[in-house]
$ cat work-v6.tsv   # TSV, C-alpha atoms
chain	number	residue	atom	x	y	z
A	1	MET	CA	0.00	0.00	0.00
A	2	ASN	CA	2.75	2.38	1.01
A	3	LEU	CA	4.72	1.54	-2.11
A	4	ALA	CA	1.71	2.22	-4.31
A	5	LEU	CA	1.19	5.61	-2.64
A	6	ASP	CA	4.86	6.46	-3.04
A	7	ILE	CA	4.75	5.56	-6.73
A	8	PHE	CA	1.65	7.75	-7.09
A	9	THR	CA	3.45	10.64	-5.36
A	10	VAL	CA	6.56	10.34	-7.49
A	11	SER	CA	4.63	10.15	-10.75
A	12	ALA	CA	2.22	12.99	-9.94
A	13	VAL	CA	4.98	15.31	-8.68
A	14	SER	CA	7.09	14.47	-11.74
A	15	ALA	CA	4.17	15.28	-14.02
A	16	GLY	CA	3.76	18.56	-12.14
A	17	ALA	CA	7.45	19.32	-12.55
A	18	LEU	CA	7.08	18.65	-16.28
A	19	PHE	CA	4.36	21.30	-16.44
A	20	PHE	CA	6.64	23.72	-14.58
A	21	LEU	CA	9.39	23.03	-17.12
A	22	ALA	CA	7.01	23.47	-20.07
A	23	GLY	CA	5.60	26.67	-18.57
A	24	THR	CA	9.08	28.08	-18.02
A	25	VAL	CA	10.09	27.28	-21.60
A	26	GLY	CA	6.88	28.96	-22.78
A	27	LEU	CA	7.58	32.02	-20.60
A	28	LEU	CA	11.01	32.36	-22.18
A	29	ARG	CA	10.10	31.51	-25.78
A	30	PHE	CA	6.60	32.83	-26.47
A	31	PRO	CA	6.50	35.98	-28.60
A	32	ASP	CA	4.28	38.42	-26.63
A	33	SER	CA	2.97	39.18	-23.15
A	34	LEU	CA	-0.45	37.57	-23.55
A	35	THR	CA	0.89	34.20	-24.73
A	36	ARG	CA	3.54	34.32	-21.99
A	37	LEU	CA	0.77	34.82	-19.42
A	38	HIS	CA	-1.00	31.83	-20.95
A	39	ALA	CA	2.10	29.70	-20.34
A	40	LEU	CA	2.38	30.99	-16.77
A	41	THR	CA	-1.20	30.14	-15.77
A	42	LYS	CA	-0.81	26.54	-16.93
A	43	VAL	CA	2.03	26.20	-14.44
A	44	ASP	CA	-0.09	27.62	-11.60
A	45	ASN	CA	-3.10	25.46	-12.30
A	46	LEU	CA	-1.84	22.13	-13.52
A	47	GLY	CA	1.79	22.09	-12.38
A	48	LEU	CA	1.12	23.08	-8.78
A	49	GLY	CA	-2.14	21.10	-8.81
A	50	LEU	CA	-0.33	17.90	-9.73
A	51	VAL	CA	2.41	18.55	-7.16
A	52	VAL	CA	-0.22	19.09	-4.44
A	53	LEU	CA	-2.17	16.02	-5.57
A	54	GLY	CA	1.01	13.95	-5.43
A	55	LEU	CA	1.89	15.20	-1.94
A	56	LEU	CA	-1.58	14.54	-0.49
A	57	PRO	CA	-0.87	10.89	0.47
A	58	GLN	CA	2.31	12.00	2.30
A	59	THR	CA	0.60	14.47	4.65
A	60	ASN	CA	0.08	13.75	8.31
A	61	GLY	CA	-3.67	13.73	8.63
A	62	LEU	CA	-6.58	15.66	7.26
A	63	PHE	CA	-5.37	19.13	8.33
A	64	GLY	CA	-2.11	18.85	6.43
A	65	ALA	CA	-4.01	17.81	3.31
A	66	LEU	CA	-6.49	20.68	3.71
A	67	LYS	CA	-3.61	23.15	4.08
A	68	LEU	CA	-2.01	21.89	0.88
A	69	VAL	CA	-5.27	22.09	-1.07
A	70	SER	CA	-5.98	25.60	0.23
A	71	ILE	CA	-2.48	26.71	-0.82
A	72	TRP	CA	-3.28	25.44	-4.33
A	73	LEU	CA	-6.63	27.25	-4.35
A	74	LEU	CA	-5.05	30.50	-3.12
A	75	VAL	CA	-2.31	30.35	-5.74
A	76	GLN	CA	-4.96	29.70	-8.41
A	77	LEU	CA	-6.97	32.70	-7.23
A	78	SER	CA	-4.04	35.10	-7.07
A	79	GLY	CA	-2.60	33.76	-10.34
A	80	ALA	CA	-5.85	34.19	-12.23
A	81	ILE	CA	-6.39	37.73	-10.92
A	82	VAL	CA	-2.83	38.95	-11.41
A	83	THR	CA	-2.96	37.55	-14.95
A	84	GLN	CA	-6.18	39.47	-15.59
A	85	LEU	CA	-4.65	42.70	-14.28
A	86	ILE	CA	-1.46	42.33	-16.34
A	87	ALA	CA	-3.43	41.41	-19.45
A	88	GLY	CA	-5.71	44.43	-18.95
A	89	THR	CA	-2.69	46.74	-18.69
A	90	VAL	CA	-1.13	45.16	-21.79
A	91	ARG	CA	-4.32	45.72	-23.77
A	92	ARG	CA	-4.62	49.34	-22.75
A	93	ARG	CA	-1.02	50.18	-23.51
A	94	GLY	CA	-0.90	48.13	-26.71
A	95	SER	CA	0.97	44.89	-26.99
A	96	ASN	CA	4.61	45.65	-27.61
A	97	GLY	CA	6.09	42.33	-26.53
B	98	MET	CA	26.57	12.85	-3.47
B	99	THR	CA	22.95	12.71	-2.39
B	100	ILE	CA	20.10	14.41	-4.17
B	101	PHE	CA	19.90	16.93	-1.31
B	102	ALA	CA	23.49	17.99	-1.89
B	103	VAL	CA	22.75	18.50	-5.59
B	104	PHE	CA	19.67	20.56	-4.68
B	105	ASP	CA	21.62	22.66	-2.16
B	106	ILE	CA	24.44	23.38	-4.60
B	107	GLY	CA	21.92	24.31	-7.28
B	108	LEU	CA	20.15	26.60	-4.82
B	109	VAL	CA	23.38	28.34	-3.81
B	110	VAL	CA	24.35	28.84	-7.47
B	111	LEU	CA	20.89	30.31	-8.17
B	112	ILE	CA	21.12	32.66	-5.16
B	113	LEU	CA	24.55	33.90	-6.22
B	114	GLY	CA	23.37	34.30	-9.83
B	115	ILE	CA	20.31	36.31	-8.80
B	116	ALA	CA	22.46	38.42	-6.44
B	117	VAL	CA	24.88	39.28	-9.25
B	118	SER	CA	22.09	40.06	-11.70
B	119	THR	CA	20.38	42.28	-9.09
B	120	ILE	CA	23.58	44.30	-8.65
B	121	ALA	CA	24.28	44.42	-12.38
B	122	ALA	CA	20.74	45.42	-13.42
B	123	ARG	CA	20.69	48.85	-15.10
B	124	ASP	CA	17.00	49.43	-14.50
B	125	ALA	CA	15.79	50.05	-10.94
B	126	PHE	CA	12.59	48.08	-11.55
B	127	ALA	CA	14.51	45.02	-12.75
B	128	ALA	CA	16.83	45.29	-9.73
B	129	VAL	CA	13.85	45.29	-7.34
B	130	ILE	CA	12.33	42.23	-9.03
B	131	GLY	CA	15.73	40.54	-8.71
B	132	PHE	CA	15.82	41.44	-5.02
B	133	VAL	CA	12.38	39.94	-4.39
B	134	VAL	CA	13.37	36.69	-6.14
B	135	TYR	CA	16.59	36.73	-4.09
B	136	GLY	CA	14.52	36.98	-0.88
B	137	LEU	CA	12.30	34.05	-1.89
B	138	LEU	CA	15.31	31.88	-2.78
B	139	LEU	CA	16.95	32.80	0.53
B	140	SER	CA	13.85	31.66	2.38
B	141	ILE	CA	14.14	28.26	0.66
B	142	ALA	CA	17.77	28.18	1.83
B	143	TRP	CA	16.60	28.85	5.41
B	144	VAL	CA	14.13	25.96	5.12
B	145	ARG	CA	17.02	23.72	4.04
B	146	LEU	CA	18.91	24.88	7.17
B	147	ALA	CA	15.85	23.81	9.22
B	148	ALA	CA	15.21	27.42	10.30
B	149	VAL	CA	11.56	27.62	9.26
B	150	ASP	CA	10.86	30.67	11.47
B	151	VAL	CA	13.59	32.62	9.71
B	152	ALA	CA	12.36	31.36	6.33
B	153	LEU	CA	8.84	32.64	7.00
B	154	THR	CA	10.14	36.02	8.12
B	155	GLU	CA	12.47	36.26	5.13
B	156	ALA	CA	9.66	35.48	2.69
B	157	ALA	CA	7.24	37.89	4.39
B	158	ILE	CA	9.56	40.78	5.24
B	159	GLY	CA	12.64	40.31	3.05
B	160	GLY	CA	10.82	39.32	-0.11
B	161	GLY	CA	7.31	40.67	0.24
B	162	MET	CA	7.27	43.79	2.39
B	163	THR	CA	10.70	45.21	1.50
B	164	GLY	CA	10.01	44.43	-2.15
B	165	MET	CA	6.79	46.40	-1.95
B	166	LEU	CA	8.54	49.35	-0.24
B	167	MET	CA	11.20	49.39	-2.95
B	168	LEU	CA	8.66	49.08	-5.78
B	169	GLY	CA	6.94	52.12	-4.26
B	170	ALA	CA	10.27	53.95	-4.20
B	171	VAL	CA	10.91	53.07	-7.87
B	172	ALA	CA	7.45	54.34	-8.83
B	173	ARG	CA	8.05	57.59	-6.94
B	174	LEU	CA	11.47	58.05	-8.58
B	175	ARG	CA	9.94	57.52	-12.00
B	176	PHE	CA	7.17	59.98	-11.17
B	177	ALA	CA	9.69	62.56	-9.96
B	178	GLY	CA	12.09	61.96	-12.87
B	179	GLY	CA	14.78	60.86	-10.44
B	180	ASN	CA	15.97	58.03	-12.65
B	181	ASP	CA	18.21	60.36	-14.63
B	182	ILE	CA	20.48	61.22	-11.72
B	183	SER	CA	23.84	59.71	-12.56
B	184	ILE	CA	26.23	58.83	-9.78
B	185	SER	CA	29.86	59.78	-10.25
B	186	LEU	CA	32.46	57.10	-10.71
B	187	PRO	CA	34.37	57.67	-7.40
B	188	VAL	CA	31.13	57.31	-5.41
B	189	ARG	CA	30.29	54.08	-7.22
B	190	PHE	CA	33.81	52.82	-6.60
B	191	ALA	CA	33.71	53.71	-2.91
B	192	THR	CA	30.31	51.97	-2.56
B	193	ALA	CA	31.65	48.86	-4.23
B	194	VAL	CA	34.76	48.79	-1.99
B	195	LEU	CA	32.72	49.27	1.21
B	196	CYS	CA	30.24	46.56	0.20
B	197	ALA	CA	33.08	44.20	-0.68
B	198	LEU	CA	34.68	44.90	2.73
B	199	VAL	CA	31.44	44.07	4.55
B	200	ALA	CA	31.02	40.89	2.49
B	201	ALA	CA	34.63	39.87	3.14
B	202	GLY	CA	34.25	40.48	6.89
B	203	LEU	CA	31.09	38.37	6.99
B	204	ALA	CA	32.75	35.65	4.93
B	205	ILE	CA	35.72	35.51	7.32
B	206	ALA	CA	33.42	35.35	10.34
B	207	VAL	CA	31.28	32.59	8.83
B	208	LEU	CA	34.01	30.53	7.17
B	209	SER	CA	36.41	30.40	10.14
B	210	PRO	CA	34.29	29.40	13.14
B	211	PRO	CA	36.00	28.41	16.40
B	212	ASP	CA	36.57	24.68	16.97
B	213	ALA	CA	33.95	24.37	19.64
B	214	ILE	CA	31.08	26.64	18.64
B	215	PRO	CA	29.73	28.32	21.77
B	216	THR	CA	26.02	27.58	21.91
B	217	LEU	CA	23.26	27.96	24.43
B	218	ALA	CA	20.88	25.79	22.41
B	219	PRO	CA	20.98	22.74	24.75
B	220	MET	CA	20.21	24.98	27.75
B	221	VAL	CA	17.29	26.53	25.86
B	222	MET	CA	15.86	23.11	25.04
B	223	GLU	CA	16.27	21.95	28.67
B	224	ASN	CA	14.44	24.92	30.14
B	225	LEU	CA	11.88	25.47	27.38
B	226	ALA	CA	9.20	23.41	29.12
B	227	GLN	CA	9.09	25.90	32.03
B	228	SER	CA	7.76	28.59	29.70
B	229	GLY	CA	5.00	26.34	28.37
B	230	LEU	CA	6.07	27.10	24.79
B	231	GLY	CA	6.80	24.40	22.23
B	232	ASN	CA	8.71	26.48	19.69
B	233	PRO	CA	12.28	27.14	20.86
B	234	VAL	CA	12.50	30.21	18.61
B	235	ALA	CA	9.50	31.78	20.34
B	236	GLY	CA	11.12	30.80	23.65
B	237	VAL	CA	14.32	32.65	22.82
B	238	LEU	CA	12.44	35.66	21.43
B	239	PHE	CA	10.03	36.12	24.32
B	240	VAL	CA	11.75	34.59	27.34
B	241	TYR	CA	15.54	34.78	27.02
B	242	ARG	CA	15.95	37.73	24.67
B	243	ALA	CA	12.70	39.55	25.36
B	244	LEU	CA	14.47	42.91	25.58
B	245	ASP	CA	15.80	42.53	22.02
B	246	THR	CA	12.32	41.64	20.78
B	247	LEU	CA	10.81	44.64	22.55
B	248	LEU	CA	13.39	47.04	21.10
B	249	GLU	CA	12.87	45.52	17.63
B	250	LYS	CA	9.20	46.49	17.73
B	251	VAL	CA	10.03	49.98	18.95
B	252	VAL	CA	12.46	50.37	16.03
B	253	LEU	CA	9.58	49.64	13.66
B	254	ILE	CA	7.65	52.61	15.11
B	255	LEU	CA	10.76	54.81	14.91
B	256	ALA	CA	11.11	53.86	11.22
B	257	LEU	CA	7.49	54.86	10.64
B	258	LEU	CA	8.10	58.20	12.40
B	259	GLY	CA	11.07	58.68	10.06
B	260	VAL	CA	8.82	58.15	7.02
B	261	TRP	CA	6.15	60.48	8.43
B	262	SER	CA	8.65	63.21	9.15
B	263	LEU	CA	9.34	63.49	5.41
B	264	ALA	CA	5.99	65.28	5.14
B	265	PRO	CA	5.92	69.05	4.66
B	266	ASP	CA	4.24	71.04	7.43
B	267	SER	CA	1.11	71.75	5.43
B	268	VAL	CA	0.03	68.10	5.28
B	269	TRP	CA	1.11	66.98	8.77
B	270	GLY	CA	-1.54	64.73	10.26
B	271	GLY	CA	-2.82	64.10	6.74
B	272	ILE	CA	-3.15	61.07	4.46
B	273	PRO	CA	-0.22	58.91	3.29
B	274	GLY	CA	0.33	59.01	-0.46
B	275	LEU	CA	-0.23	55.34	-1.24
B	276	ARG	CA	-0.45	54.78	-5.00
B	277	VAL	CA	-3.92	53.31	-5.35
B	278	TYR	CA	-5.13	51.55	-8.47
B	279	ALA	CA	-6.43	54.51	-10.45
B	280	ARG	CA	-8.83	52.63	-12.69
B	281	ARG	CA	-11.62	50.88	-10.82
B	282	SER	CA	-11.08	47.28	-11.81
B	283	SER	CA	-13.72	44.67	-11.12
B	284	THR	CA	-11.14	41.86	-10.90
B	285	LEU	CA	-9.03	43.66	-8.29
B	286	THR	CA	-12.16	44.58	-6.35
B	287	PHE	CA	-13.18	40.93	-6.41
B	288	LEU	CA	-9.80	39.86	-5.02
B	289	ALA	CA	-9.90	42.57	-2.36
B	290	GLN	CA	-13.31	41.35	-1.25
B	291	LEU	CA	-12.53	37.65	-1.35
B	292	LEU	CA	-9.00	37.44	0.04
B	293	PRO	CA	-9.02	39.49	3.30
B	294	PRO	CA	-11.26	37.08	5.29
B	295	VAL	CA	-8.93	34.22	4.32
B	296	GLY	CA	-5.85	36.34	5.02
B	297	ILE	CA	-7.09	37.43	8.44
B	298	VAL	CA	-7.70	33.81	9.44
B	299	VAL	CA	-4.20	32.91	8.19
B	300	ALA	CA	-2.71	35.79	10.19
B	301	ILE	CA	-4.50	34.73	13.39
B	302	TYR	CA	-3.38	31.15	12.80
B	303	MET	CA	0.25	32.19	12.28
B	304	CYS	CA	0.22	34.30	15.43
B	305	TRP	CA	-1.40	31.54	17.52
B	306	VAL	CA	0.71	28.66	16.21
B	307	GLY	CA	3.90	30.68	16.84
B	308	ALA	CA	3.92	29.47	20.46
B	309	LYS	CA	4.58	25.88	19.51
B	310	GLU	CA	5.50	25.76	15.82
B	311	PRO	CA	7.16	28.15	13.36
B	312	GLY	CA	5.17	31.35	13.00
B	313	GLY	CA	4.55	34.32	15.22
B	314	ALA	CA	3.70	37.99	15.49
B	315	PHE	CA	5.93	39.27	12.70
B	316	GLN	CA	4.69	36.78	10.10
B	317	GLY	CA	1.05	37.21	11.11
B	318	GLY	CA	1.41	41.00	11.17
B	319	THR	CA	2.85	41.02	7.67
B	320	VAL	CA	-0.14	39.06	6.35
B	321	LEU	CA	-2.50	41.50	8.09
B	322	ALA	CA	-0.64	44.45	6.56
B	323	ALA	CA	-0.83	42.85	3.10
B	324	MET	CA	-4.59	42.39	3.40
B	325	TRP	CA	-5.07	45.98	4.56
B	326	LEU	CA	-2.93	47.30	1.69
B	327	LEU	CA	-4.87	45.17	-0.82
B	328	VAL	CA	-8.17	46.68	0.34
B	329	MET	CA	-6.74	50.22	0.17
B	330	ILE	CA	-5.07	49.74	-3.23
B	331	ALA	CA	-8.27	48.32	-4.72
B	332	GLY	CA	-10.03	51.47	-3.53
B	333	LEU	CA	-12.52	49.70	-1.25
B	334	LYS	CA	-11.31	51.68	1.78
B	335	ARG	CA	-9.65	55.06	1.79
B	336	VAL	CA	-6.16	55.43	3.18
B	337	PRO	CA	-6.70	56.81	6.70
B	338	SER	CA	-5.15	60.07	7.81
B	339	ILE	CA	-2.55	59.52	10.49
B	340	GLY	CA	-4.49	61.75	12.87
B	341	GLN	CA	-7.27	59.15	13.21
B	342	PRO	CA	-8.00	58.46	16.89
B	343	TRP	CA	-7.98	54.67	16.42
B	344	LEU	CA	-4.76	54.50	14.47
B	345	ARG	CA	-2.11	55.64	16.90
B	346	PRO	CA	-3.27	53.48	19.85
B	347	LEU	CA	-3.25	50.42	17.54
B	348	LEU	CA	0.26	51.32	16.47
B	349	VAL	CA	1.65	51.31	20.02
B	350	VAL	CA	-0.61	48.75	21.73
B	351	GLY	CA	1.87	45.89	21.14
B	352	PRO	CA	5.01	47.52	22.57
B	353	VAL	CA	2.98	49.15	25.39
B	354	ILE	CA	1.50	45.83	26.56
B	355	PHE	CA	4.92	44.19	26.21
B	356	LEU	CA	6.49	46.95	28.29
B	357	ALA	CA	3.69	46.84	30.88
B	358	ILE	CA	4.09	43.09	31.34
B	359	GLY	CA	7.85	43.59	31.52
B	360	LEU	CA	7.50	46.23	34.25
B	361	ALA	CA	4.98	44.07	36.13
B	362	GLY	CA	7.65	41.35	36.04
B	363	MET	CA	9.86	43.56	38.21
B	364	VAL	CA	7.27	43.33	40.99
B	365	LEU	CA	5.87	39.84	40.43
B	366	ALA	CA	8.91	37.92	39.20
B	367	ASN	CA	11.84	39.99	40.47
B	368	ALA	CA	13.20	41.00	37.07
B	369	PHE	CA	12.33	43.28	34.16
B	370	LEU	CA	10.63	41.27	31.41
B	371	ALA	CA	10.45	38.16	33.59
B	372	TYR	CA	7.16	36.27	33.74
B	373	PRO	CA	5.59	35.00	36.97
B	374	PRO	CA	5.92	31.19	37.15
B	375	GLY	CA	3.00	29.38	35.53
B	376	TYR	CA	1.76	32.45	33.66
B	377	ALA	CA	4.48	32.62	31.02
B	378	LYS	CA	2.53	31.18	28.11
B	379	PRO	CA	-0.72	33.17	28.46
B	380	LEU	CA	1.26	36.39	28.91
B	381	ILE	CA	3.43	35.65	25.87
B	382	VAL	CA	0.38	34.85	23.74
B	383	ALA	CA	-1.24	38.12	24.87
B	384	VAL	CA	1.90	40.04	23.91
B	385	GLU	CA	2.02	38.25	20.54
B	386	VAL	CA	-1.61	39.11	19.75
B	387	ALA	CA	-1.07	42.79	20.55
B	388	LEU	CA	2.20	42.83	18.64
B	389	THR	CA	0.57	41.25	15.58
B	390	LEU	CA	-1.93	44.12	15.43
B	391	SER	CA	0.73	46.78	15.93
B	392	ILE	CA	3.10	45.23	13.37
B	393	GLY	CA	0.27	44.94	10.84
B	394	VAL	CA	-0.66	48.62	11.20
B	395	ALA	CA	2.98	49.77	11.26
B	396	LEU	CA	3.97	47.80	8.14
B	397	GLY	CA	0.84	48.89	6.28
B	398	LEU	CA	1.56	52.55	7.04
B	399	LEU	CA	5.26	52.13	6.16
B	400	ALA	CA	4.22	50.81	2.74
B	401	ALA	CA	1.66	53.60	2.36
B	402	GLY	CA	4.57	56.03	2.54
B	403	PRO	CA	4.99	59.68	3.48
B	404	LEU	CA	2.03	62.01	3.91
B	405	GLU	CA	0.85	63.78	0.78
B	406	GLN	CA	-2.64	65.16	1.31
B	407	ALA	CA	-3.98	67.35	4.05
B	408	GLN	CA	-6.69	65.86	6.19
B	409	GLN	CA	-10.16	66.55	4.87
B	410	GLN	CA	-12.54	68.27	7.23

$ encode --input "work-v6.tsv" --output "structure tokens"
Amino acid sequence: MNLALDIFTVSAVSAGALFFLAGTVGLLRFPDSLTRLHALTKVDNLGLGLVVLGLLPQTNGLFGALKLVSIWLLVQLSGAIVTQLIAGTVRRRGSNG
Amino acid sequence: MTIFAVFDIGLVVLILGIAVSTIAARDAFAAVIGFVVYGLLLSIAWVRLAAVDVALTEAAIGGGMTGMLMLGAVARLRFAGGNDISISLPVRFATAVLCALVAAGLAIAVLSPPDAIPTLAPMVMENLAQSGLGNPVAGVLFVYRALDTLLEKVVLILALLGVWSLAPDSVWGGIPGLRVYARRSSTLTFLAQLLPPVGIVVAIYMCWVGAKEPGGAFQGGTVLAAMWLLVMIAGLKRVPSIGQPWLRPLLVVGPVIFLAIGLAGMVLANAFLAYPPGYAKPLIVAVEVALTLSIGVALGLLAAGPLEQAQQQ
């Protein structure tokens, strides 16, 4: 049972790390601000989500798990809103990369 | 070499790289962003050194709050056209030499420790149970080095007085010139309505848990200040004038209660800042709660900056 949970953790966290890598590559390579934001939000949602999901079996009890999930939700909230604000500013000023 | 060693070496290389790029950045804004990233990486380094209390403070104060203060300074400089001031070569050279001297002195002190490092840590752990606290860092801060902690909070108020005294006479007692979000934005308003209840709970939790696990007044106070600033920047609440009757008592309530308990210790426990036996933990928690409020207000007002508008009648 423990082994199965560990394998689940390793694979989910690795998948999350892959999203972080892809998002970072996108952030560096995409041509303009809006597409770069798009790359960034994928990291927040899926990358961190998979890392949190993978770490859930390793927590000590329900409270640890709840804390992890709420961290993910808070990062999602702040990520989505900051992205909106940056995108709004980009649109007003004109996209100049 | 274990995977932790690889991680640590990578972390150190990253920290040094960010430090160099922060110093080398030509643009003040880029340098501030570099500094914030540097603070966050440092807090990961503190976690690796098993100093979670320091890591939390570094992330909250070193990365977050100081970063916000410096971003405010950059915005003001841009507004005032201060970016064009060029610094002469001898001044730059002297700054570089002095900084290098400080770094070299620190390096010598850290890299050549005495054979037997003098430490009081075992004594702290032995006597911690008497205070009723579970977190040795809180024990050191509030029992063994309480005077340092008290003075640290007073310094915060002195710093705020320094910022306030930049105001011209005509606006004294007026409203700090926090740069609020000029355009009413529904997304920012949404965040400023949704996040503060969560943030306040987190701040209370951090303050409460500080007695037995990493956390405490400074971390909780920073979260409170961030929530307050968010509400003000989104335009949901106006920035208060510093003459408000509620504001100044809140600012000093933490140090005053700390000092009062310290003075009471002279009568009840035979020493300044000593706690009567059996009452240490409740008194420390009371001090932490008051300090959290004071630190939150002080940091929020520090970030709001010098006074710019006269108080409206």

$ closest_atom_pairs --input "work-v6.tsv" --of "chain B" --to "chain A" --cutoff "10 Å" --atoms "only C-alpha atoms" --output "Markdown table"
| residue | atom | partner | partner_atom | distance |
| --- | --- | --- | --- | --- |
| B:Ser282 | CA | A:Leu85 | CA | 8.3 |
| B:Ser283 | CA | A:Leu85 | CA | 9.8 |
| B:Thr284 | CA | A:Ile81 | CA | 6.3 |
| B:Leu285 | CA | A:Ile81 | CA | 7.0 |
| B:Phe287 | CA | A:Ile81 | CA | 8.8 |
| B:Leu288 | CA | A:Ile81 | CA | 7.1 |
| B:Leu291 | CA | A:Leu77 | CA | 9.5 |
| B:Leu292 | CA | A:Leu74 | CA | 8.6 |
| B:Val295 | CA | A:Leu74 | CA | 9.2 |

$ atom_distance --input "work-v6.tsv" --atom1 "atom CA of B:Pro265" --atom2 "atom CA of B:Gly340"
15.1 Å

$ atom_distance --input "work-v6.tsv" --atom1 "atom CA of B:Lys250" --atom2 "atom CA of B:Tyr372"
19.1 Å

$ closest_residue --input "work-v6.tsv" --among "A:Ala4, A:Ile86, A:Val10, A:Ala15" --to "A:Gly49" --atoms "all atoms listed in the file"
A:Ala15

$ closest_residue --input "work-v6.tsv" --among "A:Leu55, A:Leu50, A:Val25, A:Leu34" --to "A:Leu5" --atoms "all atoms listed in the file"
A:Leu55

$ atom_distance --input "work-v6.tsv" --atom1 "atom CA of B:Ile354" --atom2 "atom CA of B:Val234"
20.7 Å

$ residues_near_point --input "work-v6.tsv" --point "(-3.6, 11.8, 2.2)" --cutoff "12 Å" --atoms "all atoms listed in the file" --output "list in words"
Asn2, Leu5, Asp6, Phe8, Thr9, Val52, Leu53, Gly54, Leu55, Leu56, Pro57, Gln58, Thr59, Asn60, Gly61, Leu62, Phe63, Gly64, Ala65, Leu66, Lys67, Leu68 and Val69 of chain A

$ residues_around --input "work-v6.tsv" --residues "B:Ile339" --least-positions-apart "6" --cutoff "8 Å" --atoms "all atoms listed in the file" --output "list of chain:residue names"
B:Gly270, B:Gly271, B:Ile272, B:Pro273, B:Arg345

$ residues_around --input "work-v6.tsv" --residues "B:Ile254" --least-positions-apart "2" --cutoff "12 Å" --atoms "only C-alpha atoms" --output "ChimeraX atom specification"
/B:247-252,256-261,345-353,388,391-399
